[in-house]
>>> print(open('start_26.txt').read())   # compact mmCIF, C-alpha atoms and all ligand atoms
# COMPACT_ATOMS: atom_id res chain seq x y z
CA MET A 1 144.70 144.62 140.92
CA MET A 2 142.44 141.60 141.14
CA LYS A 3 143.94 138.37 139.85
CA ARG A 4 142.46 137.18 136.57
CA SER A 5 140.47 134.02 137.10
CA ILE A 6 138.95 131.25 134.96
CA ALA A 7 137.13 127.99 135.71
CA ILE A 8 137.21 124.65 133.88
CA LEU A 9 134.62 121.89 133.76
CA SER A 10 134.44 118.56 131.96
CA GLY A 11 130.96 117.17 131.22
CA GLY A 12 129.43 114.13 129.52
CA GLY A 13 131.03 110.71 129.05
CA ASP A 14 134.69 110.67 129.98
CA CYS A 15 137.22 110.50 127.20
CA PRO A 16 140.99 109.85 127.05
CA GLY A 17 142.78 113.18 126.73
CA THR A 18 140.44 115.22 128.95
CA ASN A 19 143.15 115.64 131.58
CA ALA A 20 145.60 116.64 128.86
CA VAL A 21 143.19 119.45 127.88
CA THR A 22 142.69 120.50 131.52
CA ARG A 23 146.48 120.57 131.96
CA ALA A 24 147.01 122.62 128.80
CA VAL A 25 144.32 125.16 129.73
CA ALA A 26 145.44 125.50 133.34
CA LYS A 27 149.20 125.54 132.73
CA ASN A 28 148.87 128.06 129.91
CA ALA A 29 146.65 130.25 132.12
CA ILE A 30 148.98 130.05 135.12
CA ILE A 31 152.37 130.27 133.36
CA LYS A 32 151.61 132.85 130.70
CA TYR A 33 148.95 135.02 132.32
CA GLY A 34 149.29 134.43 136.06
CA MET A 35 145.60 133.53 136.22
CA GLN A 36 143.86 131.76 139.05
CA VAL A 37 142.23 128.51 137.86
CA ILE A 38 139.20 126.89 139.45
CA GLY A 39 138.21 123.29 138.72
CA ILE A 40 134.45 122.63 138.74
CA GLU A 41 133.65 119.11 139.94
CA ASP A 42 131.54 116.68 137.88
CA GLY A 43 130.57 118.97 135.01
CA TYR A 44 127.50 121.16 135.50
CA GLU A 45 126.67 119.11 138.61
CA GLY A 46 129.41 121.11 140.38
CA LEU A 47 127.91 124.44 139.33
CA ILE A 48 124.46 123.31 140.45
CA ASN A 49 125.63 122.08 143.85
CA SER A 50 128.51 124.52 144.51
CA ARG A 51 131.34 122.01 144.23
CA TRP A 52 134.65 123.39 142.98
CA ARG A 53 138.25 123.76 144.05
CA LYS A 54 141.26 125.83 143.19
CA LEU A 55 143.62 124.14 140.74
CA HIS A 56 147.25 124.80 141.57
CA TYR A 57 150.08 124.19 139.16
CA SER A 58 150.91 120.99 141.07
CA ASP A 59 147.34 119.70 140.56
CA VAL A 60 147.65 119.85 136.77
CA SER A 61 151.24 118.65 136.60
CA GLY A 62 151.72 114.95 135.87
CA ILE A 63 148.24 114.40 134.40
CA LEU A 64 149.07 114.52 130.67
CA THR A 65 149.03 110.73 130.37
CA VAL A 66 146.35 110.00 132.96
CA GLY A 67 143.01 108.59 131.74
CA GLY A 68 139.59 109.85 132.90
CA THR A 69 139.22 113.36 134.25
CA ILE A 70 140.60 114.66 137.56
CA LEU A 71 137.64 117.07 137.66
CA GLY A 72 135.08 114.27 137.50
CA THR A 73 132.15 114.36 135.09
CA SER A 74 128.46 113.68 134.79
CA ASN A 75 126.13 113.00 131.90
CA LYS A 76 123.02 113.56 133.99
CA SER A 77 123.22 117.22 134.87
CA ASP A 78 121.41 119.46 132.44
CA PRO A 79 120.71 122.59 134.53
CA PHE A 80 117.78 123.49 132.27
CA ARG A 81 116.12 120.15 133.04
CA TYR A 82 117.71 118.86 136.20
CA GLY A 83 116.30 115.53 137.39
CA ILE A 84 115.58 115.36 141.12
CA GLU A 85 114.46 112.04 142.63
CA LYS A 86 111.38 112.32 144.84
CA GLY A 87 110.61 108.86 146.20
CA ASN A 88 110.17 106.67 143.14
CA LYS A 89 109.48 109.68 140.96
CA LEU A 90 111.85 111.84 138.99
CA GLU A 91 110.95 115.51 138.84
CA TYR A 92 112.61 118.00 136.55
CA LYS A 93 113.53 121.53 137.55
CA ASP A 94 115.19 124.45 135.75
CA VAL A 95 118.17 125.36 137.96
CA SER A 96 119.95 127.52 135.37
CA LYS A 97 119.52 130.68 137.48
CA GLU A 98 121.31 129.00 140.40
CA VAL A 99 124.15 128.05 138.02
CA ILE A 100 124.47 131.63 136.80
CA ALA A 101 124.46 132.90 140.38
CA ASN A 102 127.26 130.46 141.23
CA ILE A 103 129.29 131.50 138.20
CA LYS A 104 128.94 135.13 139.34
CA LYS A 105 130.08 134.12 142.82
CA LEU A 106 133.25 132.65 141.31
CA ALA A 107 134.13 136.04 139.77
CA ILE A 108 135.72 134.42 136.72
CA GLU A 109 136.30 136.05 133.37
CA CYS A 110 135.49 132.86 131.50
CA LEU A 111 134.26 129.30 131.96
CA VAL A 112 136.09 126.69 129.86
CA CYS A 113 133.78 123.78 129.03
CA ILE A 114 135.24 120.49 127.82
CA GLY A 115 132.30 118.47 126.58
CA GLY A 116 130.38 116.55 123.96
CA ASP A 117 127.20 117.58 122.17
CA GLY A 118 125.04 117.56 125.32
CA THR A 119 127.41 119.62 127.47
CA LEU A 120 128.15 122.04 124.65
CA PHE A 121 124.44 122.46 123.85
CA VAL A 122 123.94 123.52 127.46
CA SER A 123 127.09 125.70 127.38
CA ASN A 124 125.84 127.51 124.31
CA LYS A 125 122.55 128.28 126.10
CA PHE A 126 124.50 129.82 128.99
CA HIS A 127 126.63 131.77 126.54
CA LYS A 128 123.44 133.18 125.01
CA MET A 129 122.35 134.18 128.52
CA GLY A 130 125.51 136.26 128.86
CA VAL A 131 127.97 133.84 130.49
CA PRO A 132 131.45 134.15 128.95
CA ILE A 133 132.28 130.62 127.78
CA VAL A 134 134.84 128.99 125.52
CA ALA A 135 134.82 125.28 124.78
CA VAL A 136 136.84 122.27 123.75
CA PRO A 137 134.83 119.53 121.98
CA LYS A 138 135.26 116.05 123.43
CA THR A 139 134.06 112.56 122.50
CA ILE A 140 135.51 109.21 121.54
CA ASP A 141 132.67 108.93 118.99
CA ASN A 142 134.14 111.63 116.71
CA ASP A 143 130.61 112.66 115.80
CA LEU A 144 130.62 116.39 116.54
CA HIS A 145 129.93 119.04 113.94
CA GLY A 146 132.33 121.96 113.63
CA THR A 147 135.52 119.95 113.99
CA ASP A 148 137.19 117.42 111.69
CA VAL A 149 138.15 115.22 114.61
CA THR A 150 137.77 115.07 118.39
CA PHE A 151 140.44 114.12 120.91
CA GLY A 152 139.82 110.63 122.37
CA PHE A 153 138.85 109.17 119.02
CA ASP A 154 142.37 108.06 118.15
CA THR A 155 142.71 106.32 121.52
CA ALA A 156 139.36 104.54 121.15
CA VAL A 157 140.33 103.41 117.66
CA SER A 158 143.66 102.08 118.83
CA ILE A 159 142.06 100.14 121.72
CA ALA A 160 139.44 98.68 119.36
CA THR A 161 142.11 97.83 116.79
CA GLU A 162 144.16 95.98 119.36
CA ALA A 163 141.06 94.03 120.38
CA ILE A 164 140.33 93.12 116.75
CA ASP A 165 143.95 91.99 116.29
CA ARG A 166 143.65 89.79 119.36
CA VAL A 167 140.37 88.12 118.39
CA HIS A 168 141.82 87.53 114.91
CA THR A 169 144.23 84.90 116.20
CA THR A 170 141.65 83.08 118.30
CA ALA A 171 139.11 83.18 115.43
CA GLN A 172 141.75 81.63 113.19
CA SER A 173 142.65 78.88 115.66
CA HIS A 174 139.04 77.85 116.28
CA HIS A 175 137.69 78.48 112.76
CA ARG A 176 135.06 80.76 114.22
CA VAL A 177 133.28 83.96 113.42
CA MET A 178 134.26 86.60 115.96
CA ILE A 179 132.18 89.74 116.30
CA VAL A 180 133.69 92.82 117.92
CA GLU A 181 131.12 95.41 118.97
CA VAL A 182 132.43 98.94 119.36
CA MET A 183 130.91 102.19 120.67
CA GLY A 184 130.00 105.29 118.68
CA ARG A 185 126.28 105.86 119.33
CA THR A 186 124.61 106.66 116.00
CA ALA A 187 127.89 107.23 114.15
CA GLY A 188 130.17 104.56 112.72
CA TRP A 189 133.54 106.33 112.95
CA ILE A 190 135.11 103.99 115.52
CA ALA A 191 133.87 100.86 113.70
CA LEU A 192 135.04 102.15 110.32
CA TYR A 193 138.54 103.17 111.41
CA SER A 194 139.24 100.24 113.73
CA GLY A 195 137.60 97.84 111.27
CA VAL A 196 139.86 98.95 108.46
CA ALA A 197 142.95 99.10 110.71
CA GLY A 198 142.22 95.64 112.09
CA GLY A 199 141.36 94.09 108.73
CA GLY A 200 137.73 93.32 109.60
CA ASP A 201 136.09 91.21 106.88
CA ILE A 202 132.70 92.77 107.56
CA ILE A 203 132.19 96.26 108.98
CA LEU A 204 128.68 97.28 110.00
CA ILE A 205 127.98 100.95 110.72
CA PRO A 206 124.74 102.80 111.49
CA GLU A 207 125.00 104.84 108.30
CA ILE A 208 124.73 101.70 106.11
CA PRO A 209 121.84 99.50 107.28
CA TYR A 210 122.88 95.87 106.80
CA SER A 211 121.14 92.83 105.35
CA ILE A 212 121.91 89.64 107.24
CA GLU A 213 121.92 87.76 103.91
CA SER A 214 124.81 89.90 102.68
CA VAL A 215 126.76 89.28 105.92
CA ILE A 216 126.20 85.52 105.66
CA ARG A 217 127.11 85.46 101.96
CA LYS A 218 130.46 87.08 102.75
CA ILE A 219 131.21 84.55 105.53
CA LYS A 220 130.30 81.61 103.25
CA ASP A 221 132.38 83.04 100.38
CA ARG A 222 135.38 83.29 102.68
CA ASN A 223 134.88 79.69 103.79
CA ARG A 224 134.76 78.51 100.19
CA MET A 225 138.06 80.35 99.62
CA GLY A 226 139.60 78.38 102.50
CA LYS A 227 139.33 81.17 105.05
CA ARG A 228 137.57 79.26 107.78
CA PHE A 229 137.16 82.27 110.07
CA SER A 230 135.72 85.75 109.75
CA ILE A 231 135.95 88.97 111.73
CA VAL A 232 132.90 91.19 112.00
CA VAL A 233 133.31 94.71 113.42
CA VAL A 234 129.96 96.16 114.34
CA SER A 235 129.07 99.57 115.66
CA GLU A 236 126.67 99.56 118.64
CA GLY A 237 124.30 101.69 116.55
CA ALA A 238 124.22 99.40 113.49
CA LYS A 239 120.78 98.29 112.40
CA PRO A 240 119.33 95.94 109.78
CA LYS A 241 117.60 97.34 106.70
CA GLY A 242 114.09 98.28 107.78
CA GLY A 243 114.90 97.36 111.39
CA ASP A 244 115.99 99.14 114.51
CA VAL A 245 118.95 99.54 116.87
CA VAL A 246 119.43 97.29 119.90
CA ILE A 247 118.92 99.21 123.15
CA ARG A 248 120.90 98.05 126.19
CA GLN A 249 119.48 100.41 128.78
CA ILE A 250 117.33 103.45 129.34
CA VAL A 251 118.92 105.91 131.76
CA LYS A 252 115.94 107.89 133.00
CA ASN A 253 117.69 110.90 134.53
CA SER A 254 120.07 111.42 131.62
CA PRO A 255 119.27 114.06 128.97
CA GLU A 256 120.00 111.45 126.32
CA GLN A 257 118.31 108.41 127.79
CA VAL A 258 119.08 105.64 125.29
CA ARG A 259 122.20 103.49 125.78
CA LEU A 260 122.91 101.21 122.85
CA GLY A 261 124.48 97.75 123.01
CA GLY A 262 123.92 94.10 122.21
CA VAL A 263 123.61 94.09 118.41
CA SER A 264 126.53 91.61 118.31
CA PHE A 265 124.42 89.02 120.16
CA VAL A 266 121.57 89.38 117.67
CA LEU A 267 124.00 89.04 114.75
CA GLY A 268 125.92 86.16 116.35
CA LYS A 269 122.79 84.08 116.81
CA GLN A 270 121.69 84.65 113.22
CA ILE A 271 125.14 83.85 111.81
CA GLU A 272 125.61 80.68 113.88
CA GLU A 273 122.11 79.37 113.14
CA THR A 274 122.38 80.02 109.40
CA THR A 275 125.99 79.00 108.69
CA GLY A 276 126.56 76.43 111.41
CA ILE A 277 129.87 78.17 112.17
CA GLU A 278 130.57 78.75 115.84
CA THR A 279 130.27 82.46 116.57
CA ARG A 280 131.41 84.48 119.57
CA GLN A 281 131.09 88.15 120.40
CA VAL A 282 133.02 90.70 122.42
CA ILE A 283 131.48 94.00 123.45
CA LEU A 284 134.35 96.40 124.12
CA GLY A 285 132.19 98.97 125.92
CA HIS A 286 133.90 101.35 128.29
CA LEU A 287 137.34 99.82 127.71
CA GLN A 288 137.39 102.20 124.74
CA ARG A 289 137.11 105.21 127.03
CA GLY A 290 139.59 104.15 129.67
CA GLY A 291 143.29 104.51 130.22
CA THR A 292 146.02 106.65 128.84
CA PRO A 293 145.51 108.66 125.62
CA THR A 294 147.61 107.93 122.53
CA PRO A 295 150.41 110.37 121.59
CA THR A 296 148.16 111.75 118.82
CA ASP A 297 145.42 112.55 121.35
CA ARG A 298 147.88 114.06 123.83
CA VAL A 299 149.18 116.37 121.11
CA LEU A 300 145.68 117.28 119.93
CA ALA A 301 144.45 117.89 123.49
CA THR A 302 147.43 120.16 124.18
CA ARG A 303 146.82 122.17 121.01
CA LEU A 304 143.09 122.51 121.74
CA GLY A 305 143.64 123.45 125.39
CA THR A 306 146.12 126.21 124.60
CA LYS A 307 143.82 127.49 121.85
CA ALA A 308 141.06 127.84 124.44
CA ILE A 309 143.27 130.32 126.32
CA ASP A 310 143.95 132.19 123.06
CA LEU A 311 140.18 132.49 122.62
CA ILE A 312 139.84 133.95 126.13
CA GLN A 313 142.65 136.44 125.41
CA ALA A 314 140.86 137.47 122.21
CA ARG A 315 137.55 137.59 124.16
CA GLN A 316 136.09 135.26 121.56
CA PHE A 317 133.41 133.93 123.89
CA GLY A 318 130.86 131.49 122.47
CA TYR A 319 133.57 129.76 120.45
CA MET A 320 135.27 126.39 120.70
CA ALA A 321 138.74 125.28 119.66
CA ALA A 322 138.32 122.97 116.66
CA VAL A 323 140.31 121.05 114.08
CA SER A 324 140.23 122.04 110.43
CA GLY A 325 142.70 120.07 108.33
CA SER A 326 146.02 120.50 110.12
CA ASP A 327 144.97 123.76 111.80
CA ILE A 328 143.32 124.55 115.10
CA THR A 329 140.55 127.07 114.50
CA ALA A 330 137.71 128.83 116.32
CA VAL A 331 134.16 127.69 115.59
CA PRO A 332 130.88 128.80 117.27
CA ILE A 333 130.02 126.38 120.09
CA GLU A 334 126.51 125.95 118.70
CA GLU A 335 127.98 123.88 115.84
CA ALA A 336 128.74 121.05 118.27
CA GLY A 337 125.18 120.93 119.57
CA LYS A 338 123.69 120.34 116.12
CA GLY A 339 123.25 116.58 116.47
CA ALA A 340 125.46 113.76 115.26
CA ARG A 341 128.01 114.16 112.48
CA ASN A 342 127.67 110.86 110.68
CA VAL A 343 130.04 109.01 108.37
CA PRO A 344 129.20 109.97 104.77
CA VAL A 345 128.36 106.76 102.90
CA ASN A 346 130.78 107.81 100.16
CA HIS A 347 133.60 108.43 102.65
CA PRO A 348 136.98 107.70 100.96
CA LEU A 349 137.83 105.13 103.64
CA ILE A 350 134.67 103.16 102.82
CA THR A 351 135.69 103.23 99.16
CA SER A 352 139.19 101.97 100.01
CA ALA A 353 137.80 99.26 102.29
CA ARG A 354 135.41 98.06 99.61
CA ALA A 355 138.33 98.02 97.15
CA VAL A 356 140.14 95.50 99.36
CA GLY A 357 137.04 93.31 99.65
CA THR A 358 135.53 94.51 102.93
CA CYS A 359 131.78 93.90 103.16
CA PHE A 360 129.57 96.62 104.63
CA GLY A 361 126.52 94.39 104.75
CA ASP A 362 124.68 96.26 102.00
O1 LIG B 401 129.46 109.20 123.74
C1 LIG B 401 130.42 108.34 124.25
C2 LIG B 401 129.84 106.99 124.56
O2 LIG B 401 130.88 106.17 125.06
C3 LIG B 401 129.11 106.32 123.41
O3 LIG B 401 129.97 105.75 122.47
C4 LIG B 401 128.26 105.33 124.16
O4 LIG B 401 127.12 104.98 123.41
C5 LIG B 401 127.88 106.08 125.41
O5 LIG B 401 128.85 107.09 125.58
C6 LIG B 401 127.82 105.24 126.67
O6 LIG B 401 127.38 106.02 127.72
P1 LIG B 401 127.45 105.56 129.25
O7 LIG B 401 128.84 105.79 129.74
O8 LIG B 401 126.45 106.42 129.93
O9 LIG B 401 127.11 104.10 129.30
>>> encode(input="start_26.txt", output="C-alpha cells")
Amino acid sequence: MMKRSIAILSGGGDCPGTNAVTRAVAKNAIIKYGMQVIGIEDGYEGLINSRWRKLHYSDVSGILTVGGTILGTSNKSDPFRYGIEKGNKLEYKDVSKEVIANIKKLAIECLVCIGGDGTLFVSNKFHKMGVPIVAVPKTIDNDLHGTDVTFGFDTAVSIATEAIDRVHTTAQSHHRVMIVEVMGRTAGWIALYSGVAGGGDIILIPEIPYSIESVIRKIKDRNRMGKRFSIVVVSEGAKPKGGDVVIRQIVKNSPEQVRLGGVSFVLGKQIEETTGIETRQVILGHLQRGGTPTPTDRVLATRLGTKAIDLIQARQFGYMAAVSGSDITAVPIEEAGKGARNVPVNHPLITSARAVGTCFGD
C-alpha cells in the first residue's frame, strides 16, 4: 500500500510559533498515522519553483522553541499574480496551473497551509479549484476573522510590553515623553494589549483616529500632576482624525504593497514642539516577530497543529483550525481572507483602560 503523504508550507510574514505548528503537524502525522511529510520551501514560492524536501522526524524535533520558520517563507508569491522582474519592469503572470501540477506530482492527500490573510486567501482559491487543503491561521497582528486569537500575538505583545517597561525607566529619569511604535498593520491589537500591560499613558490605535490636541492635553495634565514623563504606545497604523497613515515603504512585488511605519516620528515632533518636553521614539519593528514563542503561543500552536491533522483525518478540506473561546474548532478558510478583523471601539479592554485614565487620543 502506498504511504499516506502530506505537505506543509508557511507563507506570509514570519511569526513566532510557526515551527511549533510545523512540529505538531508533522509529528502527529508521523507518529499517529505513519504518514510521509514534505516541507515546501518559502511558502507558495516553493510550489511555483519546485522547491521542497522530505521532513523526517529528526527535522521537526527540537524546533518547538525556535523562532522563524525552518521551511522559510515569502510574502511575495501569489501564484495567481506572480511578479517576474524583466529588466526594470515587473510583469505579472498567473502560474496557478504550474502550482497545481506540482501538487499533483507530490502525490499528497492534503496540503497544510500555515499563513495569514494573504496566504489563506490564495489557499482558499486553490481549495476551490479542487486542491485538498487545511490551514492554520498565523499572524502577530491578531487581525484574522474566523478565530478569536492567532498564535504569535502573545509573543509580540510580550516583546512590546518588555520594551514599554524598559523605556518607562529611562523616560522617568530624563523627564521625557517616550513613544513606542508597535506593528499591527490596520489593527490595534498589539498596541492595545501591550499598552495596557505596560501602563501606557496614551494608546493610539488605527480604530480610534487621534487628535494631537487630546494627546498633548494628556501629557500636560500629567505634568501638572507632577508626572514629568509620559509613555505613548502607538500602532503603526494609527492616524489623526481626518488624516492618513504614515507609509514607510512600498514593496512593488508584494500582493499587499504598503508597509506602514514612522507615525511615532510625526507625533514626536508635534509633541516636542508644542510642549517643549524632550521626546524620543522607538520603532520596535521586526523585533516583535523574532525569537522564541511564549509558552502560551507554544501551547496554542501545538493545539492548532494537531487539529489540522484531525481535519485531514475527517477529510474536512477547505477548513482551518481556529480558536473559539477555550476550544479549537474548524472554520472555513475563506473566513481568514475576509480582510482585517479590527479592534471594536467598545472592546472591554478599551473600557478598562479608560477607567484607569488611559487616553486614546479621542
Ligand atoms: O503582518 C505582520 C507584519 O509584521 C505587520 O505587523 C507589519 O505591518 C508587516 O508584517 C511588515 O511586513 P514586512 O516584514 O514585509 O516588512
>>> residues_around(input="start_26.txt", residues="Ser235 of chain A", least_positions_apart="4", cutoff="7 Å", atoms="all atoms listed in the file", output="PyMOL selection string")
chain A and resi 181-184+188+191+204-206
>>> closest_atom_pairs(input="start_26.txt", of="chain A", to="ligand LIG 401 (chain B)", cutoff="10 Å", atoms="all atoms listed in the file", output="CSV")
residue,atom,partner,partner_atom,distance
A:Gly12,CA,B:LIG401,O1,7.6
A:Gly13,CA,B:LIG401,C1,5.4
A:Asp14,CA,B:LIG401,C1,7.5
A:Cys15,CA,B:LIG401,C1,7.7
A:Ser74,CA,B:LIG401,O8,9.0
A:Asn75,CA,B:LIG401,O8,6.9
A:Lys76,CA,B:LIG401,O8,8.9
A:Gly116,CA,B:LIG401,O1,7.4
A:Asp117,CA,B:LIG401,O1,8.8
A:Gly118,CA,B:LIG401,O1,9.6
A:Lys138,CA,B:LIG401,O1,9.0
A:Thr139,CA,B:LIG401,O1,5.8
A:Ile140,CA,B:LIG401,C1,5.8
A:Asp141,CA,B:LIG401,O3,5.4
A:Asn142,CA,B:LIG401,O1,8.8
A:Asp143,CA,B:LIG401,O1,8.7
A:Gly152,CA,B:LIG401,C1,9.9
A:Phe153,CA,B:LIG401,C1,10.0
A:Ala156,CA,B:LIG401,O2,9.5
A:Val182,CA,B:LIG401,O3,7.9
A:Met183,CA,B:LIG401,O3,4.1
A:Gly184,CA,B:LIG401,O3,3.8
A:Arg185,CA,B:LIG401,O4,4.3
A:Thr186,CA,B:LIG401,O4,8.0
A:Ala187,CA,B:LIG401,O3,8.7
A:Gly188,CA,B:LIG401,O3,9.8
A:Ile190,CA,B:LIG401,O3,8.8
A:Ser235,CA,B:LIG401,O3,9.2
A:Glu236,CA,B:LIG401,O4,7.2
A:Gly237,CA,B:LIG401,O4,8.1
A:Arg248,CA,B:LIG401,O9,9.2
A:Gln249,CA,B:LIG401,O9,8.5
A:Ile250,CA,B:LIG401,O8,9.6
A:Val251,CA,B:LIG401,O8,7.8
A:Ser254,CA,B:LIG401,O8,8.3
A:Glu256,CA,B:LIG401,O8,8.9
A:Gln257,CA,B:LIG401,O8,8.6
A:Val258,CA,B:LIG401,O4,8.3
A:Arg259,CA,B:LIG401,O4,5.7
A:Leu260,CA,B:LIG401,O4,5.7
A:Gly261,CA,B:LIG401,O4,7.7
A:Gly285,CA,B:LIG401,O2,7.4
A:His286,CA,B:LIG401,O2,6.5
A:Leu287,CA,B:LIG401,O2,9.4
A:Gln288,CA,B:LIG401,O2,7.6
A:Arg289,CA,B:LIG401,O2,6.6
>>> write_last_selection(input="start_26.txt", atoms="C-alpha atoms", output="CSV table (one decimal), in the frame of the given file")
chain,number,residue,atom,x,y,z
A,12,GLY,CA,129.4,114.1,129.5
A,13,GLY,CA,131.0,110.7,129.0
A,14,ASP,CA,134.7,110.7,130.0
A,15,CYS,CA,137.2,110.5,127.2
A,74,SER,CA,128.5,113.7,134.8
A,75,ASN,CA,126.1,113.0,131.9
A,76,LYS,CA,123.0,113.6,134.0
A,116,GLY,CA,130.4,116.6,124.0
A,117,ASP,CA,127.2,117.6,122.2
A,118,GLY,CA,125.0,117.6,125.3
A,138,LYS,CA,135.3,116.0,123.4
A,139,THR,CA,134.1,112.6,122.5
A,140,ILE,CA,135.5,109.2,121.5
A,141,ASP,CA,132.7,108.9,119.0
A,142,ASN,CA,134.1,111.6,116.7
A,143,ASP,CA,130.6,112.7,115.8
A,152,GLY,CA,139.8,110.6,122.4
A,153,PHE,CA,138.8,109.2,119.0
A,156,ALA,CA,139.4,104.5,121.2
A,182,VAL,CA,132.4,98.9,119.4
A,183,MET,CA,130.9,102.2,120.7
A,184,GLY,CA,130.0,105.3,118.7
A,185,ARG,CA,126.3,105.9,119.3
A,186,THR,CA,124.6,106.7,116.0
A,187,ALA,CA,127.9,107.2,114.2
A,188,GLY,CA,130.2,104.6,112.7
A,190,ILE,CA,135.1,104.0,115.5
A,235,SER,CA,129.1,99.6,115.7
A,236,GLU,CA,126.7,99.6,118.6
A,237,GLY,CA,124.3,101.7,116.6
A,248,ARG,CA,120.9,98.0,126.2
A,249,GLN,CA,119.5,100.4,128.8
A,250,ILE,CA,117.3,103.4,129.3
A,251,VAL,CA,118.9,105.9,131.8
A,254,SER,CA,120.1,111.4,131.6
A,256,GLU,CA,120.0,111.4,126.3
A,257,GLN,CA,118.3,108.4,127.8
A,258,VAL,CA,119.1,105.6,125.3
A,259,ARG,CA,122.2,103.5,125.8
A,260,LEU,CA,122.9,101.2,122.8
A,261,GLY,CA,124.5,97.8,123.0
A,285,GLY,CA,132.2,99.0,125.9
A,286,HIS,CA,133.9,101.4,128.3
A,287,LEU,CA,137.3,99.8,127.7
A,288,GLN,CA,137.4,102.2,124.7
A,289,ARG,CA,137.1,105.2,127.0
>>> atom_distance(input="start_26.txt", atom1="atom CA of Thr169 of chain A", atom2="atom CA of Ile202 of chain A")
16.4 Å
>>> residues_near_point(input="start_26.txt", point="(137.8, 119.4, 114.8)", cutoff="12 Å", atoms="only C-alpha atoms", output="ChimeraX atom specification")
/A:135-139,142-153,300-301,303-304,320-333,335-336,341
>>> write_last_selection(input="start_26.txt", atoms="C-alpha atoms", output="PDB file, in the coordinates of the input")
ATOM      1  CA  ALA A 135     134.820 125.280 124.780  1.00  0.00           C
ATOM      2  CA  VAL A 136     136.840 122.270 123.750  1.00  0.00           C
ATOM      3  CA  PRO A 137     134.830 119.530 121.980  1.00  0.00           C
ATOM      4  CA  LYS A 138     135.260 116.050 123.430  1.00  0.00           C
ATOM      5  CA  THR A 139     134.060 112.560 122.500  1.00  0.00           C
ATOM      6  CA  ASN A 142     134.140 111.630 116.710  1.00  0.00           C
ATOM      7  CA  ASP A 143     130.610 112.660 115.800  1.00  0.00           C
ATOM      8  CA  LEU A 144     130.620 116.390 116.540  1.00  0.00           C
ATOM      9  CA  HIS A 145     129.930 119.040 113.940  1.00  0.00           C
ATOM     10  CA  GLY A 146     132.330 121.960 113.630  1.00  0.00           C
ATOM     11  CA  THR A 147     135.520 119.950 113.990  1.00  0.00           C
ATOM     12  CA  ASP A 148     137.190 117.420 111.690  1.00  0.00           C
ATOM     13  CA  VAL A 149     138.150 115.220 114.610  1.00  0.00           C
ATOM     14  CA  THR A 150     137.770 115.070 118.390  1.00  0.00           C
ATOM     15  CA  PHE A 151     140.440 114.120 120.910  1.00  0.00           C
ATOM     16  CA  GLY A 152     139.820 110.630 122.370  1.00  0.00           C
ATOM     17  CA  PHE A 153     138.850 109.170 119.020  1.00  0.00           C
ATOM     18  CA  LEU A 300     145.680 117.280 119.930  1.00  0.00           C
ATOM     19  CA  ALA A 301     144.450 117.890 123.490  1.00  0.00           C
ATOM     20  CA  ARG A 303     146.820 122.170 121.010  1.00  0.00           C
ATOM     21  CA  LEU A 304     143.090 122.510 121.740  1.00  0.00           C
ATOM     22  CA  MET A 320     135.270 126.390 120.700  1.00  0.00           C
ATOM     23  CA  ALA A 321     138.740 125.280 119.660  1.00  0.00           C
ATOM     24  CA  ALA A 322     138.320 122.970 116.660  1.00  0.00           C
ATOM     25  CA  VAL A 323     140.310 121.050 114.080  1.00  0.00           C
ATOM     26  CA  SER A 324     140.230 122.040 110.430  1.00  0.00           C
ATOM     27  CA  GLY A 325     142.700 120.070 108.330  1.00  0.00           C
ATOM     28  CA  SER A 326     146.020 120.500 110.120  1.00  0.00           C
ATOM     29  CA  ASP A 327     144.970 123.760 111.800  1.00  0.00           C
ATOM     30  CA  ILE A 328     143.320 124.550 115.100  1.00  0.00           C
ATOM     31  CA  THR A 329     140.550 127.070 114.500  1.00  0.00           C
ATOM     32  CA  ALA A 330     137.710 128.830 116.320  1.00  0.00           C
ATOM     33  CA  VAL A 331     134.160 127.690 115.590  1.00  0.00           C
ATOM     34  CA  PRO A 332     130.880 128.800 117.270  1.00  0.00           C
ATOM     35  CA  ILE A 333     130.020 126.380 120.090  1.00  0.00           C
ATOM     36  CA  GLU A 335     127.980 123.880 115.840  1.00  0.00           C
ATOM     37  CA  ALA A 336     128.740 121.050 118.270  1.00  0.00           C
ATOM     38  CA  ARG A 341     128.010 114.160 112.480  1.00  0.00           C
TER      39      ARG A 341
END
>>> closest_residue(input="start_26.txt", among="A:Ile179, A:Val157, A:Ile208, A:Ile31", to="Gly242 of chain A", atoms="only C-alpha atoms")
A:Ile208
>>> atom_distance(input="start_26.txt", atom1="atom CA of Gly262 of chain A", atom2="atom CA of Met178 of chain A")
14.2 Å
>>> closest_residue(input="start_26.txt", among="A:Asp59, A:Glu45, A:Glu273, A:Asp78", to="Asn19 of chain A", atoms="all atoms listed in the file")
A:Asp59
>>> closest_residue(input="start_26.txt", among="A:Ala107, A:Ala355, A:Val266, A:Val234", to="Leu284 of chain A", atoms="only C-alpha atoms")
A:Val234
>>> closest_residue(input="start_26.txt", among="A:Ala353, A:Leu311, A:Val177, A:Val246", to="Gly276 of chain A", atoms="all atoms listed in the file")
A:Val177
>>> closest_residue(input="start_26.txt", among="A:Thr351, A:Pro295, A:Arg166, A:Asp362", to="Ala238 of chain A", atoms="all atoms listed in the file")
A:Asp362
>>> closest_residue(input="start_26.txt", among="A:Gly68, A:Gln270, A:Lys89, A:Tyr82", to="Pro16 of chain A", atoms="all atoms listed in the file")
A:Gly68
